[in-house]
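Asks: Contents are compact mmCIF, C-alpha atoms and all ligand atoms; file name work.txt:
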```txt
# COMPACT_ATOMS: atom_id res chain seq x y z
CA MET A 8 -21.92 -0.81 -3.20
CA THR A 9 -19.46 -2.88 -1.18
CA ARG A 10 -16.62 -0.80 0.26
CA VAL A 11 -13.16 -2.40 0.28
CA PHE A 12 -10.12 -1.07 2.14
CA SER A 13 -6.64 -2.51 2.44
CA GLY A 14 -3.13 -1.33 3.19
CA ILE A 15 0.52 -2.04 2.76
CA LYS A 16 3.17 -1.08 5.30
CA PRO A 17 6.36 0.51 3.91
CA THR A 18 8.86 -1.26 6.17
CA GLY A 19 10.78 -2.90 3.33
CA HIS A 20 10.66 -3.80 -0.33
CA LEU A 21 7.43 -5.52 -1.31
CA THR A 22 7.53 -9.27 -1.74
CA LEU A 23 5.89 -12.04 -3.67
CA GLY A 24 3.95 -12.76 -0.46
CA ASN A 25 2.44 -9.26 -0.47
CA TYR A 26 1.57 -9.66 -4.13
CA LEU A 27 0.00 -13.13 -4.09
CA GLY A 28 -1.57 -12.75 -0.65
CA ALA A 29 -3.12 -9.34 -1.21
CA MET A 30 -2.16 -6.90 -3.95
CA ARG A 31 -2.93 -9.05 -6.96
CA ARG A 32 -6.57 -9.47 -5.92
CA TRP A 33 -6.89 -5.75 -5.30
CA ALA A 34 -5.99 -5.10 -8.93
CA THR A 35 -7.71 -8.01 -10.63
CA VAL A 36 -10.89 -8.37 -8.56
CA ASP A 37 -11.60 -5.82 -5.84
CA GLN A 38 -11.24 -2.57 -7.74
CA HIS A 39 -13.64 -3.84 -10.43
CA ARG A 40 -16.46 -5.00 -8.18
CA ALA A 41 -16.33 -2.63 -5.20
CA GLU A 42 -15.67 0.92 -4.14
CA ALA A 43 -12.05 0.34 -3.18
CA LEU A 44 -9.41 2.29 -1.26
CA PHE A 45 -5.77 1.18 -1.12
CA CYS A 46 -3.37 2.82 1.25
CA VAL A 47 0.36 3.00 1.92
CA VAL A 48 0.12 2.88 5.71
CA ASP A 49 3.26 4.82 6.52
CA LEU A 50 2.40 5.63 10.16
CA HIS A 51 2.62 1.88 10.83
CA ALA A 52 6.22 1.87 9.59
CA LEU A 53 7.19 4.05 12.58
CA THR A 54 6.37 1.35 15.12
CA VAL A 55 9.81 -0.27 14.87
CA ASP A 56 13.31 1.16 14.65
CA HIS A 57 13.29 3.12 11.37
CA ASP A 58 15.37 5.34 9.16
CA PRO A 59 13.29 8.40 8.10
CA ALA A 60 14.83 8.67 4.62
CA ARG A 61 14.23 4.97 3.99
CA VAL A 62 10.59 5.14 5.09
CA ARG A 63 10.04 8.02 2.64
CA ARG A 64 11.78 6.11 -0.16
CA VAL A 65 9.98 2.85 0.47
CA SER A 66 6.60 4.62 0.81
CA ARG A 67 7.06 6.21 -2.60
CA GLN A 68 8.13 2.88 -4.05
CA ALA A 69 5.13 1.08 -2.52
CA ALA A 70 2.73 3.63 -4.02
CA THR A 71 4.41 3.25 -7.41
CA LEU A 72 4.27 -0.54 -7.16
CA LEU A 73 0.57 -0.46 -6.27
CA LEU A 74 -0.05 1.32 -9.56
CA ALA A 75 2.36 -1.01 -11.37
CA THR A 76 0.29 -4.03 -10.34
CA GLY A 77 -2.61 -2.61 -12.31
CA ILE A 78 -4.44 -0.67 -9.62
CA ASP A 79 -6.21 2.05 -11.57
CA PRO A 80 -6.84 5.41 -9.88
CA GLY A 81 -9.73 5.85 -12.30
CA LEU A 82 -11.47 2.94 -10.58
CA CYS A 83 -10.36 3.27 -6.98
CA THR A 84 -8.61 5.52 -4.46
CA VAL A 85 -4.88 5.24 -3.76
CA PHE A 86 -3.40 7.32 -0.96
CA VAL A 87 -0.86 7.61 1.84
CA GLN A 88 -2.17 7.18 5.38
CA SER A 89 -0.33 10.16 6.93
CA HIS A 90 -1.92 12.48 4.33
CA VAL A 91 -5.34 11.81 5.81
CA ASP A 92 -5.48 12.97 9.45
CA GLU A 93 -8.72 11.12 10.12
CA HIS A 94 -6.82 7.84 10.64
CA ALA A 95 -4.76 9.14 13.57
CA ARG A 96 -7.70 11.13 14.97
CA LEU A 97 -9.90 8.07 15.05
CA SER A 98 -7.16 5.87 16.43
CA TYR A 99 -7.16 7.80 19.71
CA LEU A 100 -10.90 7.35 20.15
CA LEU A 101 -10.57 3.64 19.51
CA GLU A 102 -7.80 3.42 22.12
CA CYS A 103 -10.51 4.48 24.54
CA VAL A 104 -12.59 1.46 23.52
CA ALA A 105 -9.90 -1.24 23.16
CA THR A 106 -8.15 -2.77 26.18
CA ASP A 107 -4.48 -3.34 26.90
CA GLY A 108 -5.21 -7.07 27.36
CA GLU A 109 -6.48 -7.25 23.78
CA MET A 110 -3.32 -5.58 22.51
CA ARG A 111 -1.00 -7.89 24.44
CA ARG A 112 -2.76 -10.94 23.02
CA MET A 113 -1.92 -10.01 19.42
CA VAL A 114 0.43 -12.64 18.01
CA GLN A 115 2.29 -10.19 15.75
CA TYR A 116 2.92 -7.86 18.69
CA ARG A 117 4.30 -10.68 20.80
CA GLU A 118 6.59 -11.90 18.01
CA LYS A 119 7.86 -8.47 17.03
CA ALA A 120 8.29 -7.28 20.62
CA ALA A 121 10.28 -10.44 21.43
CA ARG A 122 12.48 -9.83 18.37
CA GLU A 123 13.14 -6.20 19.39
CA ARG A 124 14.03 -7.26 22.93
CA ASP A 125 16.32 -10.03 21.64
CA ARG A 126 18.20 -7.40 19.64
CA GLY A 127 18.65 -5.46 22.86
CA GLY A 128 16.28 -2.73 21.72
CA SER A 129 13.22 -1.28 23.41
CA VAL A 130 9.65 -1.76 22.25
CA ARG A 131 7.86 1.35 21.04
CA LEU A 132 4.46 1.98 22.60
CA SER A 133 3.10 2.38 19.07
CA LEU A 134 3.95 -1.29 18.38
CA LEU A 135 1.52 -2.25 21.12
CA THR A 136 -1.23 0.07 19.86
CA TYR A 137 -0.62 -0.71 16.18
CA PRO A 138 -3.77 -2.86 15.81
CA VAL A 139 -5.90 0.06 17.02
CA LEU A 140 -4.51 2.30 14.29
CA MET A 141 -5.20 -0.50 11.83
CA ALA A 142 -8.78 -0.71 13.12
CA ALA A 143 -9.04 3.06 12.61
CA ASP A 144 -7.81 2.70 9.01
CA ILE A 145 -10.57 0.22 8.35
CA LEU A 146 -13.43 1.74 10.35
CA ALA A 147 -12.87 5.37 9.24
CA HIS A 148 -13.90 4.34 5.74
CA ARG A 149 -16.99 2.32 6.67
CA THR A 150 -15.29 -0.71 5.16
CA ASP A 151 -17.27 -3.87 4.41
CA GLU A 152 -14.39 -6.07 3.26
CA VAL A 153 -10.67 -6.14 4.01
CA PRO A 154 -8.74 -8.24 1.48
CA VAL A 155 -5.58 -9.42 3.26
CA GLY A 156 -3.23 -12.36 3.62
CA ASP A 157 -3.68 -14.89 6.37
CA ASP A 158 -1.36 -13.12 8.83
CA GLN A 159 -3.80 -10.21 9.24
CA ARG A 160 -6.72 -12.38 10.38
CA GLN A 161 -6.37 -11.56 14.08
CA HIS A 162 -6.02 -7.82 13.45
CA VAL A 163 -9.19 -7.67 11.36
CA GLU A 164 -11.01 -9.71 14.00
CA LEU A 165 -9.98 -7.07 16.56
CA ALA A 166 -11.27 -4.29 14.30
CA ARG A 167 -14.62 -6.11 14.21
CA ASP A 168 -14.71 -6.37 18.00
CA ILE A 169 -13.84 -2.70 18.45
CA ALA A 170 -16.49 -1.60 15.92
CA ALA A 171 -19.19 -3.70 17.56
CA ARG A 172 -18.24 -2.48 21.06
CA PHE A 173 -18.21 1.17 20.02
CA ASN A 174 -21.60 0.80 18.30
CA GLN A 175 -23.08 -0.91 21.31
CA ARG A 176 -21.79 1.68 23.81
CA TYR A 177 -22.21 4.89 21.88
CA GLY A 178 -24.76 4.21 19.16
CA HIS A 179 -24.41 2.84 15.67
CA THR A 180 -21.40 4.56 14.05
CA PHE A 181 -19.25 1.97 12.29
CA VAL A 182 -19.75 -0.79 9.76
CA VAL A 183 -18.47 -4.10 11.17
CA PRO A 184 -15.92 -5.26 8.54
CA ARG A 185 -14.88 -8.74 7.52
CA ALA A 186 -11.58 -10.07 6.18
CA THR A 187 -11.30 -11.87 2.85
CA HIS A 188 -8.36 -14.10 1.91
CA PRO A 189 -7.16 -15.66 -1.36
CA GLU A 190 -7.91 -19.34 -1.92
CA VAL A 191 -4.26 -20.19 -2.49
CA ALA A 192 -1.08 -18.46 -1.31
CA ALA A 193 -2.80 -16.71 1.61
CA ARG A 194 0.47 -17.35 3.48
CA VAL A 195 3.55 -17.52 1.27
CA MET A 196 6.44 -18.93 3.27
CA ASN A 197 10.12 -18.00 3.32
CA LEU A 198 11.98 -20.13 0.74
CA GLN A 199 14.84 -20.79 3.15
CA GLU A 200 12.68 -21.32 6.23
CA PRO A 201 9.35 -22.69 5.06
CA SER A 202 8.03 -22.69 8.62
CA SER A 203 8.01 -18.85 8.69
CA LYS A 204 6.15 -16.32 6.59
CA MET A 205 7.93 -14.58 3.71
CA GLY A 206 8.05 -11.15 5.36
CA LYS A 207 9.47 -7.96 3.86
CA SER A 208 11.15 -6.86 7.08
CA ASP A 209 13.00 -10.16 7.59
CA ASP A 210 16.75 -10.37 7.22
CA SER A 211 16.80 -13.55 5.16
CA GLY A 212 17.27 -12.11 1.64
CA PRO A 213 17.74 -15.46 -0.18
CA GLY A 214 14.43 -16.74 1.15
CA ILE A 215 12.42 -13.75 -0.07
CA VAL A 216 11.39 -12.95 -3.63
CA TYR A 217 11.00 -9.21 -4.02
CA LEU A 218 8.64 -7.81 -6.65
CA LEU A 219 11.50 -5.93 -8.27
CA ASP A 220 14.01 -8.81 -8.29
CA GLU A 221 15.54 -9.41 -11.73
CA PRO A 222 14.45 -12.68 -13.41
CA ASP A 223 17.80 -14.37 -12.84
CA VAL A 224 17.64 -13.48 -9.14
CA VAL A 225 14.13 -14.95 -8.91
CA ARG A 226 15.31 -18.14 -10.63
CA ARG A 227 18.29 -18.44 -8.31
CA LYS A 228 16.25 -17.93 -5.14
CA ILE A 229 13.59 -20.45 -6.16
CA GLY A 230 16.23 -22.89 -7.45
CA ARG A 231 17.90 -22.81 -4.02
CA ALA A 232 14.65 -23.04 -2.03
CA VAL A 233 14.84 -25.50 0.83
CA THR A 234 12.90 -28.63 -0.03
CA ASP A 235 12.02 -31.54 2.20
CA SER A 236 13.84 -34.73 3.00
CA GLY A 237 11.36 -37.04 1.21
CA GLN A 238 11.35 -37.50 -2.55
CA ASP A 239 7.68 -37.44 -3.51
CA VAL A 240 5.95 -34.19 -4.46
CA ARG A 241 3.02 -33.88 -2.06
CA HIS A 242 0.83 -31.00 -0.87
CA ASP A 243 1.23 -31.42 2.88
CA ARG A 244 1.94 -28.42 5.08
CA GLU A 245 3.13 -30.47 8.04
CA GLU A 246 5.32 -33.09 6.35
CA ARG A 247 6.39 -31.22 3.19
CA PRO A 248 6.37 -27.47 4.05
CA GLY A 249 9.00 -26.48 1.46
CA VAL A 250 7.42 -28.33 -1.44
CA THR A 251 3.92 -27.25 -0.39
CA ASN A 252 5.05 -23.62 -0.46
CA LEU A 253 6.36 -24.03 -4.01
CA LEU A 254 3.12 -25.75 -5.08
CA GLU A 255 1.07 -22.90 -3.59
CA ILE A 256 3.19 -20.29 -5.37
CA LEU A 257 2.98 -22.18 -8.67
CA ALA A 258 -0.78 -22.64 -8.31
CA ALA A 259 -1.29 -18.96 -7.49
CA CYS A 260 0.76 -17.90 -10.52
CA THR A 261 -0.81 -20.31 -13.01
CA GLY A 262 -4.38 -20.45 -11.70
CA GLY A 263 -4.07 -24.17 -10.90
CA ASP A 264 -4.90 -26.21 -7.84
CA PRO A 265 -1.90 -27.02 -5.61
CA GLU A 266 -3.02 -30.57 -4.78
CA ALA A 267 -3.74 -31.42 -8.41
CA LEU A 268 -0.40 -29.90 -9.46
CA ALA A 269 1.44 -32.09 -6.95
CA GLY A 270 0.37 -35.20 -8.89
CA THR A 271 1.96 -33.93 -12.08
CA TYR A 272 5.53 -33.80 -10.68
CA SER A 273 7.92 -36.59 -9.89
CA SER A 274 10.94 -34.46 -8.99
CA TYR A 275 11.66 -31.34 -6.97
CA GLY A 276 13.89 -30.00 -9.75
CA ALA A 277 11.06 -29.82 -12.30
CA LEU A 278 8.74 -28.23 -9.75
CA LYS A 279 11.32 -25.55 -8.94
CA LYS A 280 11.93 -24.79 -12.60
CA ASP A 281 8.24 -24.40 -13.42
CA THR A 282 7.63 -22.33 -10.30
CA ALA A 283 10.51 -19.99 -11.16
CA ASP A 284 9.25 -19.60 -14.75
CA ALA A 285 5.72 -18.87 -13.53
CA VAL A 286 6.89 -16.28 -10.98
CA VAL A 287 9.11 -14.54 -13.53
CA GLU A 288 6.14 -14.28 -15.93
CA VAL A 289 3.79 -12.96 -13.26
CA LEU A 290 6.27 -10.31 -12.11
CA ARG A 291 7.41 -9.22 -15.58
CA PRO A 292 4.56 -6.77 -16.31
CA VAL A 293 4.78 -5.35 -12.78
CA ARG A 294 8.50 -4.62 -13.18
CA ASP A 295 7.99 -3.15 -16.65
CA ARG A 296 5.17 -0.87 -15.54
CA HIS A 297 7.14 0.13 -12.43
CA ARG A 298 10.04 1.25 -14.62
CA GLU A 299 7.67 3.38 -16.75
CA LEU A 300 6.07 4.95 -13.68
CA CYS A 301 9.47 5.79 -12.17
CA ALA A 302 10.13 7.90 -15.24
CA ASP A 303 7.05 9.99 -14.40
CA PRO A 304 7.09 10.75 -10.65
CA SER A 305 4.72 13.71 -11.05
CA TYR A 306 2.02 11.29 -12.24
CA VAL A 307 2.34 9.23 -9.04
CA GLU A 308 2.33 12.40 -6.93
CA GLY A 309 -0.87 13.58 -8.63
CA VAL A 310 -2.53 10.22 -7.98
CA LEU A 311 -1.63 10.45 -4.27
CA ARG A 312 -2.84 14.05 -4.02
CA ASP A 313 -6.25 13.23 -5.55
CA GLY A 314 -6.41 10.01 -3.54
CA ALA A 315 -5.85 11.84 -0.24
CA ALA A 316 -8.60 14.36 -1.05
CA ARG A 317 -11.02 11.57 -1.89
CA ALA A 318 -10.10 9.49 1.16
CA ARG A 319 -10.54 12.53 3.44
CA ALA A 320 -13.99 13.13 2.04
CA VAL A 321 -14.92 9.49 2.66
CA ALA A 322 -13.53 9.31 6.20
CA ARG A 323 -14.40 12.71 7.65
CA PRO A 324 -18.18 12.25 8.21
CA THR A 325 -17.65 8.93 10.00
CA VAL A 326 -14.82 10.21 12.19
CA ASP A 327 -16.80 13.37 13.02
CA ALA A 328 -19.78 11.19 13.94
CA ALA A 329 -17.55 9.09 16.22
CA TYR A 330 -16.30 12.27 17.98
CA ARG A 331 -19.88 13.34 18.69
CA ALA A 332 -21.04 9.87 19.70
CA ILE A 333 -18.28 9.34 22.26
CA GLY A 334 -19.09 12.58 24.09
CA LEU A 335 -16.81 15.30 22.68
CA LEU A 336 -18.19 18.81 22.19
CA PRO A 337 -18.60 19.83 18.57
CA PRO A 338 -16.04 22.52 17.58
CA VAL A 339 -17.36 26.09 18.02
P1 LIG B 401 1.85 -5.85 5.38
O1 LIG B 401 2.39 -4.58 4.83
O2 LIG B 401 2.74 -6.68 6.23
O3 LIG B 401 1.35 -6.75 4.21
C1 LIG B 401 0.51 -6.24 3.19
C2 LIG B 401 -0.43 -7.34 2.73
O4 LIG B 401 0.32 -8.46 2.26
C3 LIG B 401 -0.09 -9.63 2.95
N1 LIG B 401 1.08 -10.49 3.14
C4 LIG B 401 1.15 -11.78 2.78
N2 LIG B 401 0.26 -12.59 2.20
C5 LIG B 401 0.64 -13.87 1.96
N3 LIG B 401 1.88 -14.35 2.26
C6 LIG B 401 2.80 -13.56 2.85
N4 LIG B 401 4.00 -14.04 3.12
C7 LIG B 401 2.45 -12.21 3.14
N5 LIG B 401 3.12 -11.17 3.70
C8 LIG B 401 2.26 -10.14 3.71
C9 LIG B 401 -0.63 -9.15 4.28
O5 LIG B 401 -1.52 -10.08 4.85
C10 LIG B 401 -1.30 -7.87 3.88
O6 LIG B 401 -2.60 -8.12 3.37
N6 LIG B 401 -1.00 -4.50 9.24
C11 LIG B 401 -0.94 -4.59 7.79
C12 LIG B 401 -1.12 -3.27 7.08
C13 LIG B 401 -2.37 -2.54 7.41
C14 LIG B 401 -3.66 -2.84 6.93
C15 LIG B 401 -4.52 -1.83 7.46
C16 LIG B 401 -4.17 -3.87 6.12
C17 LIG B 401 -2.47 -1.41 8.18
N7 LIG B 401 -3.76 -1.00 8.20
C18 LIG B 401 -5.88 -1.85 7.20
C19 LIG B 401 -5.55 -3.86 5.86
C20 LIG B 401 -6.38 -2.88 6.40
C21 LIG B 401 0.44 -5.11 7.40
O7 LIG B 401 1.37 -5.00 8.15
O8 LIG B 401 0.49 -5.58 6.13
```
Any chance you could put this one into structure tokens?
Replies:
Amino acid sequence: MTRVFSGIKPTGHLTLGNYLGAMRRWATVDQHRAEALFCVVDLHALTVDHDPARVRRVSRQAATLLLATGIDPGLCTVFVQSHVDEHARLSYLLECVATDGEMRRMVQYREKAARERDRGGSVRLSLLTYPVLMAADILAHRTDEVPVGDDQRQHVELARDIAARFNQRYGHTFVVPRATHPEVAARVMNLQEPSSKMGKSDDSGPGIVYLLDEPDVVRRKIGRAVTDSGQDVRHDREERPGVTNLLEILAACTGGDPEALAGTYSSYGALKKDTADAVVEVLRPVRDRHRELCADPSYVEGVLRDGAARARAVARPTVDAAYRAIGLLPPV
């Protein structure tokens, strides 16, 4: 059976981008057709300046939201990365296979490191090695497919390279994974700055729709979205980035085709209204289920405990095999 693995980093409240780009497919498609593992990758949240209490809070919220989107622990495995030591253990071995040049070429590293330096801060070494830990997340579980948004393309490509290199040097140990992306909304853009991704760690609150935003907040944010100087509603990323973003969001929420939808609108106002309505409807059941789950924290804890035990059992044989293959003595 195909093995699917994906993760979500608890650096901030989850957004519509996370949902449309990744999480929704995990719940509606992946968990039904594959052996799937979904992970709150909390170690990754330590790569930038962080507040320990907030990371704990956001990690718990991310796990609860995963379940609220319809991910069913009866069908798949849901766990927290730091509960399964195999991820960090494997990461070190993979650091001995990856090169510093590969790390420095990663676009996300360059952008985030530049942002940290602009703020006058220093760049944590773990930010540089982040993609190796991500490769470990994927490879430890012998993953075939990694369902992610467009921004993770380069990281998954690196995981493929590392897997192939390790196999070639030390004998076949890892499955070489491949990324999968949604057909629409693989890159949801910030509503205020449609040239940048809607990212949960960004500061621009009005440009980001959070999964737990109240309906009137969602309507206000979409109503105030930056549109383009022209008047016609066209799907054109270069010339009409704001309108194209709204069309992509609307299409993803209604199951339509963004180019076909463009032809049905003659004003930005109507497009914004329909997009806001569609987003509110898509998020309603997630918010409702999240509220129910918050009333029962011991249920979520139990899911994470079982999930960690299952994930450990999946990862351990592969990580142990990698330790032997690379030349380490078996424990005595
Ligand atoms: P993260 O936490 O930034 O995002 C989680 C998932 O949401 C997708 N995503 C988006 N999709 C469309 N439009 C957007 N604006 C948008 N923003 C985020 C991401 O592509 C991702 O699929 N490095 C990863 C976490 C990670 C991981 C892994 C993923 C760690 N280990 C192993 C897969 C497999 C990250 O920071 O995702």
Asks: So which one's closest to Val155 in chain A, A:Val250, A:Ala186, A:Leu290, A:Leu73? Using all atoms listed in the file, please.
Replies: A:Ala186
Asks: At what distance in Å, to one decimal, does CA of Pro189 in chain A lie from CA of Thr35 in chain A?
Replies: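 CA of Pro189 in chain A lies at a distance of 12.0 Å from CA of Thr35 in chain A.
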Asks: Using all atoms listed in the file, find the one residue out of A:Leu219, A:Ile145, A:Ile256, A:Ala315 that sits nearest to Arg298 in chain A.
Replies: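 Nearest to Arg298 in chain A: A:Leu219.
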Asks: Within 6 Å of ligand LIG 401 (chain B), which residues of chain A come that close, and what is the closest atom pair and distance in Å for each? Count all atoms listed in the file and give it as a tab-separated table.
Replies:
```
residue	atom	partner	partner_atom	distance
A:Phe12	CA	B:LIG401	C20	6.0
A:Ser13	CA	B:LIG401	C19	3.8
A:Gly14	CA	B:LIG401	C16	4.0
A:Ile15	CA	B:LIG401	O1	3.8
A:Lys16	CA	B:LIG401	O1	3.6
A:Gly24	CA	B:LIG401	C6	3.6
A:Asn25	CA	B:LIG401	O4	3.5
A:Gly28	CA	B:LIG401	N2	3.4
A:Ala29	CA	B:LIG401	O6	4.8
A:Val48	CA	B:LIG401	C17	5.6
A:Met141	CA	B:LIG401	N7	3.9
A:Asp144	CA	B:LIG401	C18	5.3
A:Ile145	CA	B:LIG401	C18	5.3
A:Val153	CA	B:LIG401	C20	5.9
A:Val155	CA	B:LIG401	O6	3.3
A:Gly156	CA	B:LIG401	O5	3.1
A:Asp157	CA	B:LIG401	O5	5.5
A:Asp158	CA	B:LIG401	O5	5.0
A:Gln159	CA	B:LIG401	O5	4.9
A:Ala192	CA	B:LIG401	C5	5.9
A:Ala193	CA	B:LIG401	C5	4.5
A:Arg194	CA	B:LIG401	N3	3.5
A:Val195	CA	B:LIG401	N3	3.7
A:Met196	CA	B:LIG401	N4	5.5
A:Lys204	CA	B:LIG401	N4	4.7
A:Met205	CA	B:LIG401	N4	4.0
A:Gly206	CA	B:LIG401	N5	5.2
```
Asks: When distances are computed from all atoms listed in the file, which of A:Arg63, A:Arg10, A:Arg32, A:Gly77 shows the smallest separation from His297 in chain A?
Replies: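 Among A:Arg63, A:Arg10, A:Arg32, A:Gly77, it is A:Gly77 that comes nearest to His297 in chain A.
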Asks: Find, counting all atoms listed in the file, the residue in A:Leu135, A:Ala52, A:Met8, A:Ala143 that gets nearest to Asp37 in chain A.
Replies: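 Answer, going by the shortest atom-to-atom distance: A:Met8.
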Asks: Check the smallest atom-to-atom distance from each of A:Asp264, A:Asp58, A:Asp281, A:Asp92 to Val191 in chain A using only C-alpha atoms, then report the winner.
Replies: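 Between A:Asp264, A:Asp58, A:Asp281, A:Asp92, the residue approaching Val191 in chain A most closely is A:Asp264.
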Asks: Taking all atoms listed in the file into account, name the residue in A:Leu132, A:Ala322, A:Val286, A:Leu311 that is nearest to Asp220 in chain A.
Replies: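 Of A:Leu132, A:Ala322, A:Val286, A:Leu311, the one nearest Asp220 in chain A is A:Val286, counting all atoms listed in the file.
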Asks: Please indicate the distance in Å from CA of Ile333 in chain A to CA of Asp49 in chain A, rounded to one decimal place.
Replies: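 Distance reported for this atom pair: 27.1 Å.
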Asks: Quick one: pull the distance between CA of Gly309 in chain A and CA of Thr84 in chain A, Å, one decimal.
Replies: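 Between these atoms lies a distance of 11.9 Å.
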Asks: Using all atoms listed in the file, which protein or nucleic acid residues come within 9 Å of Val289 in chain A? Drop anything in the same chain fewer than 4 positions from it, and give the result as a PyMOL selection string.
Replies: chain A and resi 260-261+284-285+293
Asks: Got a sec: who's within 9 Å of range 236-245 of chain A, counting all atoms listed in the file, leaving out chain neighbours fewer than 6 positions off, as number ranges by chain?
Replies: A: 251-252, 254-255, 265-275, 278
Asks: Excluding range 225-234 of chain A and any residue of its chain fewer than 3 positions from it, enumerate the residues within 7 Å of it, using only C-alpha atoms, and give them as a list in words.
Replies: Leu198, Gln199, Pro213, Gly214, Val216, Asp220, Glu221, Pro222, Gly249, Val250, Lys279, Lys280, Ala283 and Val287 of chain A
Asks: For Ala147 in chain A, please output as a ChimeraX atom specification all residues within 12 Å (counting all atoms listed in the file; exclusion window: fewer than 2 positions along the same chain).
Replies: /A:10-12,44,88,91-98,100-101,139-145,149-151,166,170,180-184,318-330
